[in-house]
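Asker: One structure follows; several queries about it will come next.
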Amino acid sequence: MPKPIRAFVRVVDAINRVVGRFAMYLLFVLAAILLYSTFSRVMIGTPVNWSLEMSQFVLSAYYLLGGAYTMQNDGHVRMDLFYSKLTPQKRAVTDAFTILFVLFYLGVLLMGGLSSTAYSIEYGQKNYTSWAPPLWPIKVIMTLGIFLMLLQAISSFFKDVAMARGKPIA
């Protein structure tokens, strides 16, 4: 593979490794929010109206920011009825072909995310609840997560093509 492609793969993998490891710690934030909510409701007798939405936002950030890292580590679930019996090069060919569908899907998803985020920022969109938080912060995070996943899918495509050619990118 040419040097720019190898550099792209290294940079994307490094960024997604850092973001993915950060996203892992969001589970602790989620647990703290839910514990505080339970403590407030049960012990103090005062339920907090923001905890459900905030926990949904944190969980959304967790799985969207962690998706690219999971892809990088080959941790997504796959149906491997025949796949596990293939040679590494044939797996790479299969992955390079199927990732094209993922790239298309993520491209469409990114366009929708950008549109929705722009709308949210432009009109000051808020959630229709008693807490009524602004939605643009989570939409920015969601769009960033989709973008990172798209970059990781491109990186995976390059790695699969290199593996199919018998010259893996380390």
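Naming scheme: A, B, ... for chains in displayed order of the structure tokens; residues 1 onward per chain; ligands 1 onward as shown.
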Which residues of segment 82-154 of chain A sit at most 8 Å from segment 43-59 of chain A, using only C-alpha atoms? Give each one's shortest atom pair and distance in Å (one decimal place), in chain and ascending residue order, as JSON lines.

Answerer:
{"residue": "A:Ser130", "atom": "CA", "partner": "A:Asn49", "partner_atom": "CA", "distance": 7.2}
{"residue": "A:Trp131", "atom": "CA", "partner": "A:Trp50", "partner_atom": "CA", "distance": 5.9}
{"residue": "A:Ile138", "atom": "CA", "partner": "A:Phe57", "partner_atom": "CA", "distance": 6.4}

Asker: Just the residues within 9 Å of Leu100 of chain A, please, counting only C-alpha atoms, with nothing from its chain fewer than 6 positions along; format it as a PyMOL selection string.

Answerer: chain A and resi 153-154+157

Asker: For atom CA of Glu122 of chain A and atom CA of Phe104 of chain A, determine how far apart the two atoms are, in Å to one decimal place.

Answerer: 27.2 Å

Asker: Residues within 12 Å of Lys167 of chain A, please, as a list in words. Count only C-alpha atoms; anything in the same chain fewer than 4 positions from it doesn't count.

Answerer: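 Near Lys167 of chain A, the qualifying residues are Met1, Pro2, Arg6, Pro88, Gln89, Ala92, Phe158, Lys159, Asp160, Val161, Ala162 and Met163 of chain A.
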
Asker: Return as a tab-separated table the residues of segment 52-152 of chain A lying at most 12 Å from segment 8-29 of chain A, together with the closest atom-to-atom pair for each and the distance in Å to one decimal, counting only C-alpha atoms, with rows in chain order and ascending residue number.

Answerer:
residue	atom	partner	partner_atom	distance
A:Met54	CA	A:Val29	CA	10.0
A:Ser55	CA	A:Val29	CA	8.5
A:Gln56	CA	A:Leu27	CA	11.4
A:Phe57	CA	A:Leu26	CA	10.4
A:Val58	CA	A:Leu26	CA	6.6
A:Leu59	CA	A:Leu27	CA	7.5
A:Ser60	CA	A:Leu26	CA	9.9
A:Ala61	CA	A:Ala23	CA	7.4
A:Tyr62	CA	A:Ala23	CA	5.2
A:Tyr63	CA	A:Ala23	CA	7.8
A:Leu64	CA	A:Ala23	CA	8.7
A:Leu65	CA	A:Ala23	CA	6.0
A:Gly66	CA	A:Gly20	CA	4.6
A:Gly67	CA	A:Gly20	CA	7.7
A:Ala68	CA	A:Asn16	CA	6.2
A:Tyr69	CA	A:Gly20	CA	5.0
A:Thr70	CA	A:Gly20	CA	7.8
A:Met71	CA	A:Asn16	CA	9.6
A:Gln72	CA	A:Asp13	CA	7.0
A:Asn73	CA	A:Arg17	CA	9.3
A:Ile141	CA	A:Ala23	CA	11.3
A:Leu144	CA	A:Val19	CA	10.5
A:Gly145	CA	A:Val19	CA	9.3
A:Ile146	CA	A:Asn16	CA	11.7
A:Phe147	CA	A:Asn16	CA	10.7
A:Leu148	CA	A:Asn16	CA	7.0
A:Met149	CA	A:Asn16	CA	8.5
A:Leu150	CA	A:Val12	CA	10.1
A:Leu151	CA	A:Val12	CA	6.6
A:Gln152	CA	A:Val12	CA	6.4

Asker: Residues of segment 85-161 of chain A classed as alpha helix (DSSP H) by DSSP on the backbone are to be reported as an MDAnalysis selection string.

Answerer: chainID A and resid 88:123 136:161
